[in-house]
Amino acid sequence: MRAWRAILCVMDSVGCGGAPDAAAFGDEGANTLGHIAEACAAGRAEEGRSGPLHLPNLDALGLGAAIRLASGAEAPGLDASPTGRWGAATEVSNGKDTPSGHWELSGVPVPFDWHYFPHEVPTFPAEVTDALIARAGLPGILGNCHASGMPIIRELGQESIRTGKPICYTSIDSVFQIAAHEEHFGLDRLMEVCRIAAELVHPMNVGRVIARPFVGEGPGDFKRTANRRDLAIPPPEPTICDRVAEAGGQVWGIGKIKDIFAGQGITHALKGDSDMSNVDKTLEAMAEAAPGSLIFANYVDFDTLYGHPRDVAGYARNLEAFDARVPELIAALGKDDLLIFTADHGNDPTWTGTDHTRERVPVLMTGAATPGTFGHCGFADVGESIAAHLGLAPGPHGRTIL
């Protein structure tokens, strides 16, 4: 293994449109970055910010060019001549969810279809909920439907506190989500309930059980906390994380990376309570990581705080705040380190509904990467480029784009 390092930064849901199979997912025309840029330029995203979308650092690496390549769309304000190595990646896994995107970026396309719960009430099969109630010693559950997180917590949070029943819900993703009050229900108890739920639904190919703890005493002040936990099915093949760890390298999982990979291949984990905090954690890892390390970071606020709630201005604010931190990440690079910015799917805040959107994603490289475009690539090519950079043998999926 070579002495230099790789840093992979996943801006969760920051898609750039153009997925060739978007229509099959009901997402033809979705373009997270393109539509945010259009809204900003038109003065429709003025809450807490103003004017055209301002992302000079990511744009200099090739962000605007990647949007044009992916979707053919011009993103107002993102017209820099790229100085980085850039392109757009297309997913082959049959999903637009977090595990599919991250696993494929790490070199492992998902070879099976996830199980999705139907749009019915109740949505979960009785054999699952009955077993969960019995094994966890619950008085029952609330929800049992498709829902968005904060609305159902505001609707049922007080009843959950009063009855001791957790709120169980799902979305268009392959998830079983459980919300309960951190203090009244108890965080440890919530995690145990989620562990039992994972044992029940993972054999069904449900990708994740997500613990959604919240605090507050009423709909007006309920809020989710940073103690979210994702219990995921482990990847079906060795990922770039496993390959680096097996070669003796450190693998630093920042944010929810350890959860996404069910802990597999992660040797060190750091988790902040916001995207800006996780940038701090990334910088901390870059200061400490040994030669031959992979630092793999997820920045989830784009998705959870702004994409799902369809908050265009909030999404734009977070993009601009993140962009302002990019020079710090570049400055922290060691000689011959490779820094990659990409995404795992889209979540167009101008789109209908509240769920992810099937999109291509930008791939922007700097540091040990020759400037210029590699054009279109696959998600798995990102993982293979990291493998090539670290001197690892090629894997079964993808190719290097360095």
# chains A, B, ... in the order shown; residues from 1 in each chain; ligands from 1
$ residues_around --residues "Pro309 (chain A)" --least-positions-apart "5" --cutoff "12 Å" --atoms "only C-alpha atoms" --output "PDB file with N, CA and C atoms, in the first residue's frame"
ATOM      1  N   ALA A 147     -44.818   7.914   6.192  1.00  0.00           N
ATOM      2  CA  ALA A 147     -44.855   9.264   6.756  1.00  0.00           C
ATOM      3  C   ALA A 147     -43.501   9.923   6.626  1.00  0.00           C
ATOM      4  N   SER A 148     -43.497  11.244   6.737  1.00  0.00           N
ATOM      5  CA  SER A 148     -42.269  12.016   6.863  1.00  0.00           C
ATOM      6  C   SER A 148     -41.993  12.231   8.340  1.00  0.00           C
ATOM      7  N   GLY A 149     -40.711  12.265   8.712  1.00  0.00           N
ATOM      8  CA  GLY A 149     -40.313  12.189  10.119  1.00  0.00           C
ATOM      9  C   GLY A 149     -40.902  13.225  11.046  1.00  0.00           C
ATOM     10  N   MET A 150     -40.617  14.495  10.816  1.00  0.00           N
ATOM     11  CA  MET A 150     -41.082  15.509  11.760  1.00  0.00           C
ATOM     12  C   MET A 150     -42.601  15.653  11.779  1.00  0.00           C
ATOM     13  N   PRO A 151     -43.303  15.597  10.639  1.00  0.00           N
ATOM     14  CA  PRO A 151     -44.765  15.679  10.727  1.00  0.00           C
ATOM     15  C   PRO A 151     -45.392  14.587  11.593  1.00  0.00           C
ATOM     16  N   ASP A 301     -27.118  16.427   6.352  1.00  0.00           N
ATOM     17  CA  ASP A 301     -28.117  17.487   6.531  1.00  0.00           C
ATOM     18  C   ASP A 301     -28.750  17.913   5.215  1.00  0.00           C
ATOM     19  N   PHE A 302     -27.965  17.886   4.116  1.00  0.00           N
ATOM     20  CA  PHE A 302     -28.552  18.214   2.817  1.00  0.00           C
ATOM     21  C   PHE A 302     -29.839  17.418   2.597  1.00  0.00           C
ATOM     22  N   ASP A 303     -29.770  16.146   2.913  1.00  0.00           N
ATOM     23  CA  ASP A 303     -30.869  15.206   2.665  1.00  0.00           C
ATOM     24  C   ASP A 303     -31.981  15.335   3.701  1.00  0.00           C
ATOM     25  N   THR A 304     -31.616  15.186   4.983  1.00  0.00           N
ATOM     26  CA  THR A 304     -32.647  15.065   6.011  1.00  0.00           C
ATOM     27  C   THR A 304     -33.284  16.398   6.375  1.00  0.00           C
ATOM     28  N   GLY A 314     -33.153  26.479   2.474  1.00  0.00           N
ATOM     29  CA  GLY A 314     -32.310  25.806   3.454  1.00  0.00           C
ATOM     30  C   GLY A 314     -31.246  24.964   2.788  1.00  0.00           C
ATOM     31  N   TYR A 315     -31.625  24.264   1.710  1.00  0.00           N
ATOM     32  CA  TYR A 315     -30.656  23.453   0.967  1.00  0.00           C
ATOM     33  C   TYR A 315     -29.562  24.360   0.390  1.00  0.00           C
ATOM     34  N   ASN A 347     -32.142  14.443  -4.118  1.00  0.00           N
ATOM     35  CA  ASN A 347     -33.329  14.737  -3.300  1.00  0.00           C
ATOM     36  C   ASN A 347     -33.751  16.155  -3.642  1.00  0.00           C
ATOM     37  N   ASP A 348     -34.300  16.297  -4.837  1.00  0.00           N
ATOM     38  CA  ASP A 348     -34.630  17.603  -5.408  1.00  0.00           C
ATOM     39  C   ASP A 348     -35.681  18.302  -4.547  1.00  0.00           C
ATOM     40  N   PRO A 349     -35.326  19.414  -3.878  1.00  0.00           N
ATOM     41  CA  PRO A 349     -36.291  20.071  -2.994  1.00  0.00           C
ATOM     42  C   PRO A 349     -37.400  20.801  -3.734  1.00  0.00           C
ATOM     43  N   THR A 350     -37.336  20.863  -5.079  1.00  0.00           N
ATOM     44  CA  THR A 350     -38.430  21.449  -5.858  1.00  0.00           C
ATOM     45  C   THR A 350     -39.375  20.373  -6.379  1.00  0.00           C
ATOM     46  N   TRP A 351     -39.076  19.089  -6.090  1.00  0.00           N
ATOM     47  CA  TRP A 351     -39.816  17.976  -6.678  1.00  0.00           C
ATOM     48  C   TRP A 351     -41.073  17.687  -5.872  1.00  0.00           C
ATOM     49  N   THR A 352     -41.968  16.897  -6.445  1.00  0.00           N
ATOM     50  CA  THR A 352     -43.173  16.479  -5.735  1.00  0.00           C
ATOM     51  C   THR A 352     -42.813  15.478  -4.644  1.00  0.00           C
ATOM     52  N   GLY A 353     -43.690  15.319  -3.667  1.00  0.00           N
ATOM     53  CA  GLY A 353     -43.479  14.336  -2.612  1.00  0.00           C
ATOM     54  C   GLY A 353     -42.383  14.762  -1.654  1.00  0.00           C
ATOM     55  N   THR A 354     -41.842  13.780  -0.926  1.00  0.00           N
ATOM     56  CA  THR A 354     -40.832  14.071   0.092  1.00  0.00           C
ATOM     57  C   THR A 354     -39.639  13.124   0.010  1.00  0.00           C
ATOM     58  N   ASP A 355     -39.512  12.393  -1.091  1.00  0.00           N
ATOM     59  CA  ASP A 355     -38.524  11.321  -1.122  1.00  0.00           C
ATOM     60  C   ASP A 355     -37.362  11.606  -2.066  1.00  0.00           C
ATOM     61  N   HIS A 356     -36.363  10.721  -2.043  1.00  0.00           N
ATOM     62  CA  HIS A 356     -35.198  10.834  -2.897  1.00  0.00           C
ATOM     63  C   HIS A 356     -35.595  10.858  -4.368  1.00  0.00           C
TER      64      HIS A 356
END
$ residues_around --residues "Thr267 (chain A)" --least-positions-apart "2" --cutoff "12 Å" --atoms "only C-alpha atoms" --output "list in words"
Cys241, Asp242, Arg243, Val244, Ala245, Glu246, Gly248, Gly249, Gln250, Val251, Trp252, Gly253, Ile254, Ile257, Lys258, Phe261, Gly263, Gln264, Gly265, Ala269, Leu270, Ala285, Ala289, Ala290, Ser293, Leu294, Ile295 and Phe296 of chain A
$ write_last_selection --atoms "N, CA and C atoms" --output "mmCIF file, in the first residue's frame"
data_model
loop_
_atom_site.group_PDB
_atom_site.id
_atom_site.type_symbol
_atom_site.label_atom_id
_atom_site.label_comp_id
_atom_site.auth_asym_id
_atom_site.auth_seq_id
_atom_site.Cartn_x
_atom_site.Cartn_y
_atom_site.Cartn_z
ATOM 1 N N CYS A 241 -13.814 -0.115 1.833
ATOM 2 C CA CYS A 241 -13.474 -0.046 3.264
ATOM 3 C C CYS A 241 -12.814 -1.346 3.724
ATOM 4 N N ASP A 242 -13.425 -2.475 3.396
ATOM 5 C CA ASP A 242 -12.852 -3.781 3.750
ATOM 6 C C ASP A 242 -11.474 -3.957 3.123
ATOM 7 N N ARG A 243 -11.338 -3.560 1.877
ATOM 8 C CA ARG A 243 -10.091 -3.788 1.142
ATOM 9 C C ARG A 243 -8.947 -2.964 1.733
ATOM 10 N N VAL A 244 -9.248 -1.718 2.112
ATOM 11 C CA VAL A 244 -8.214 -0.887 2.738
ATOM 12 C C VAL A 244 -7.834 -1.463 4.097
ATOM 13 N N ALA A 245 -8.851 -1.821 4.905
ATOM 14 C CA ALA A 245 -8.574 -2.358 6.241
ATOM 15 C C ALA A 245 -7.778 -3.658 6.155
ATOM 16 N N GLU A 246 -8.145 -4.528 5.211
ATOM 17 C CA GLU A 246 -7.439 -5.802 5.081
ATOM 18 C C GLU A 246 -5.988 -5.614 4.648
ATOM 19 N N GLY A 248 -4.172 -3.332 5.812
ATOM 20 C CA GLY A 248 -3.484 -2.723 6.939
ATOM 21 C C GLY A 248 -3.698 -1.240 7.091
ATOM 22 N N GLY A 249 -4.566 -0.647 6.269
ATOM 23 C CA GLY A 249 -4.824 0.785 6.353
ATOM 24 C C GLY A 249 -5.924 1.118 7.345
ATOM 25 N N GLN A 250 -5.937 2.345 7.791
ATOM 26 C CA GLN A 250 -7.034 2.836 8.622
ATOM 27 C C GLN A 250 -8.201 3.255 7.737
ATOM 28 N N VAL A 251 -9.414 3.038 8.210
ATOM 29 C CA VAL A 251 -10.616 3.515 7.527
ATOM 30 C C VAL A 251 -11.402 4.346 8.533
ATOM 31 N N TRP A 252 -11.445 5.628 8.296
ATOM 32 C CA TRP A 252 -12.127 6.568 9.178
ATOM 33 C C TRP A 252 -13.527 6.833 8.631
ATOM 34 N N GLY A 253 -14.557 6.423 9.358
ATOM 35 C CA GLY A 253 -15.936 6.694 8.979
ATOM 36 C C GLY A 253 -16.417 7.947 9.681
ATOM 37 N N ILE A 254 -16.791 8.968 8.915
ATOM 38 C CA ILE A 254 -17.240 10.240 9.465
ATOM 39 C C ILE A 254 -18.748 10.359 9.286
ATOM 40 N N ILE A 257 -21.322 6.968 8.326
ATOM 41 C CA ILE A 257 -20.687 5.952 7.485
ATOM 42 C C ILE A 257 -20.624 4.595 8.197
ATOM 43 N N LYS A 258 -20.251 4.576 9.464
ATOM 44 C CA LYS A 258 -20.154 3.296 10.172
ATOM 45 C C LYS A 258 -21.496 2.568 10.158
ATOM 46 N N PHE A 261 -22.434 0.995 6.655
ATOM 47 C CA PHE A 261 -21.688 -0.214 6.317
ATOM 48 C C PHE A 261 -21.759 -1.268 7.422
ATOM 49 N N GLY A 263 -20.708 -1.293 10.202
ATOM 50 C CA GLY A 263 -19.423 -1.389 10.880
ATOM 51 C C GLY A 263 -18.342 -2.123 10.111
ATOM 52 N N GLN A 264 -18.687 -2.742 8.982
ATOM 53 C CA GLN A 264 -17.716 -3.559 8.248
ATOM 54 C C GLN A 264 -16.622 -2.698 7.625
ATOM 55 N N GLY A 265 -15.383 -3.011 7.931
ATOM 56 C CA GLY A 265 -14.258 -2.323 7.333
ATOM 57 C C GLY A 265 -13.943 -0.971 7.943
ATOM 58 N N ALA A 269 -14.148 5.751 13.909
ATOM 59 C CA ALA A 269 -15.418 6.423 13.623
ATOM 60 C C ALA A 269 -15.504 7.722 14.406
ATOM 61 N N LEU A 270 -15.920 8.781 13.726
ATOM 62 C CA LEU A 270 -16.159 10.084 14.332
ATOM 63 C C LEU A 270 -17.516 10.578 13.847
ATOM 64 N N ALA A 285 -9.809 13.914 11.332
ATOM 65 C CA ALA A 285 -9.289 12.649 10.799
ATOM 66 C C ALA A 285 -8.112 12.894 9.863
ATOM 67 N N ALA A 289 -4.940 10.709 10.475
ATOM 68 C CA ALA A 289 -4.922 9.461 9.703
ATOM 69 C C ALA A 289 -3.519 9.132 9.211
ATOM 70 N N ALA A 290 -3.183 7.861 9.303
ATOM 71 C CA ALA A 290 -1.861 7.388 8.898
ATOM 72 C C ALA A 290 -1.770 7.262 7.380
ATOM 73 N N SER A 293 -4.423 5.525 4.499
ATOM 74 C CA SER A 293 -5.773 5.564 5.073
ATOM 75 C C SER A 293 -6.819 5.988 4.051
ATOM 76 N N LEU A 294 -8.046 5.574 4.321
ATOM 77 C CA LEU A 294 -9.236 6.092 3.655
ATOM 78 C C LEU A 294 -10.066 6.838 4.689
ATOM 79 N N ILE A 295 -10.388 8.079 4.397
ATOM 80 C CA ILE A 295 -11.318 8.863 5.216
ATOM 81 C C ILE A 295 -12.600 8.992 4.402
ATOM 82 N N PHE A 296 -13.697 8.456 4.928
ATOM 83 C CA PHE A 296 -14.967 8.337 4.198
ATOM 84 C C PHE A 296 -16.015 9.105 5.004
#
$ closest_residue --among "A:Phe222, A:Phe117, A:Tyr299, A:Phe112" --to "Asn94 (chain A)" --atoms "only C-alpha atoms"
A:Phe112
$ atom_distance --atom1 "CA of Trp4 (chain A)" --atom2 "CA of Gly391 (chain A)"
9.5 Å
$ closest_residue --among "A:Ala39, A:Ala232, A:Ile153, A:Val206" --to "Pro219 (chain A)" --atoms "only C-alpha atoms"
A:Ile153
$ select_by_dssp --residues "region 59-187 of chain A" --states "strand (DSSP E)" --output "PDB file with C-alpha atoms, in the first residue's frame"
ATOM      1  CA  ARG A  85     -10.734  16.418 -12.320  1.00  0.00           C
ATOM      2  CA  TRP A  86     -14.453  16.123 -12.873  1.00  0.00           C
ATOM      3  CA  GLY A  87     -17.342  14.170 -14.336  1.00  0.00           C
ATOM      4  CA  ALA A  88     -20.725  12.651 -13.501  1.00  0.00           C
ATOM      5  CA  ALA A  89     -21.554   9.182 -12.197  1.00  0.00           C
ATOM      6  CA  THR A  90     -24.531   6.965 -13.039  1.00  0.00           C
ATOM      7  CA  LEU A 142     -48.267   4.118  16.834  1.00  0.00           C
ATOM      8  CA  GLY A 143     -48.181   5.156  13.184  1.00  0.00           C
ATOM      9  CA  ASN A 144     -47.693   1.969  11.164  1.00  0.00           C
ATOM     10  CA  CYS A 145     -47.821   3.968   7.933  1.00  0.00           C
ATOM     11  CA  HIS A 146     -45.825   5.884   5.339  1.00  0.00           C
ATOM     12  CA  ILE A 167     -43.913   5.655  16.514  1.00  0.00           C
ATOM     13  CA  CYS A 168     -43.190   3.247  13.651  1.00  0.00           C
ATOM     14  CA  TYR A 169     -43.225   4.453  10.052  1.00  0.00           C
ATOM     15  CA  THR A 170     -41.584   4.013   6.662  1.00  0.00           C
ATOM     16  CA  VAL A 175     -36.612   1.398   5.882  1.00  0.00           C
ATOM     17  CA  PHE A 176     -38.370   0.666   9.176  1.00  0.00           C
ATOM     18  CA  GLN A 177     -38.125   3.840  11.264  1.00  0.00           C
ATOM     19  CA  ILE A 178     -38.862   4.034  14.985  1.00  0.00           C
ATOM     20  CA  ALA A 179     -39.251   7.368  16.776  1.00  0.00           C
ATOM     21  CA  ALA A 180     -39.460   7.728  20.541  1.00  0.00           C
ATOM     22  CA  HIS A 181     -38.707  10.366  23.166  1.00  0.00           C
TER      23      HIS A 181
END
$ select_by_dssp --residues "region 221-288 of chain A" --states "alpha helix (DSSP H)" --output "list in words"
Ile240, Cys241, Asp242, Arg243, Val244, Ala245, Glu246, Ile257, Lys258, Asp259, Ile260, Asp275, Met276, Ser277, Asn278, Val279, Asp280, Lys281, Thr282, Leu283, Glu284, Ala285, Met286, Ala287 and Glu288 of chain A
$ residues_around --residues "region 40-52 of chain A" --least-positions-apart "6" --cutoff "10 Å" --atoms "only C-alpha atoms" --output "ChimeraX atom specification"
/A:75-78,311-317,320
$ closest_residue --among "A:Ala332, A:Leu105, A:Met11, A:Ile260" --to "Pro235 (chain A)" --atoms "only C-alpha atoms"
A:Ile260
$ residues_around --residues "region 23-31 of chain A" --least-positions-apart "4" --cutoff "7 Å" --atoms "only C-alpha atoms" --output "mmCIF file with N, CA and C atoms, in the first residue's frame"
data_model
loop_
_atom_site.group_PDB
_atom_site.id
_atom_site.type_symbol
_atom_site.label_atom_id
_atom_site.label_comp_id
_atom_site.auth_asym_id
_atom_site.auth_seq_id
_atom_site.Cartn_x
_atom_site.Cartn_y
_atom_site.Cartn_z
ATOM 1 N N GLY A 15 -27.561 15.522 -5.948
ATOM 2 C CA GLY A 15 -27.568 15.011 -7.307
ATOM 3 C C GLY A 15 -27.539 16.119 -8.339
ATOM 4 N N CYS A 16 -27.292 15.723 -9.615
ATOM 5 C CA CYS A 16 -27.211 16.724 -10.686
ATOM 6 C C CYS A 16 -28.038 16.321 -11.905
ATOM 7 N N GLY A 17 -29.107 15.546 -11.692
ATOM 8 C CA GLY A 17 -30.056 15.235 -12.749
ATOM 9 C C GLY A 17 -29.524 14.244 -13.775
ATOM 10 N N HIS A 35 -32.034 22.673 -10.160
ATOM 11 C CA HIS A 35 -33.257 23.375 -9.768
ATOM 12 C C HIS A 35 -33.034 24.325 -8.592
ATOM 13 N N ASP A 348 -34.300 16.297 -4.837
ATOM 14 C CA ASP A 348 -34.630 17.603 -5.408
ATOM 15 C C ASP A 348 -35.681 18.302 -4.547
ATOM 16 N N TRP A 351 -39.076 19.089 -6.090
ATOM 17 C CA TRP A 351 -39.816 17.976 -6.678
ATOM 18 C C TRP A 351 -41.073 17.687 -5.872
ATOM 19 N N THR A 357 -34.702 11.388 -5.189
ATOM 20 C CA THR A 357 -34.919 11.411 -6.630
ATOM 21 C C THR A 357 -33.754 10.700 -7.320
ATOM 22 N N ARG A 358 -34.088 9.935 -8.342
ATOM 23 C CA ARG A 358 -33.083 9.176 -9.106
ATOM 24 C C ARG A 358 -32.327 10.142 -10.007
ATOM 25 N N GLU A 359 -31.031 10.337 -9.746
ATOM 26 C CA GLU A 359 -30.229 11.286 -10.496
ATOM 27 C C GLU A 359 -28.798 10.785 -10.640
#
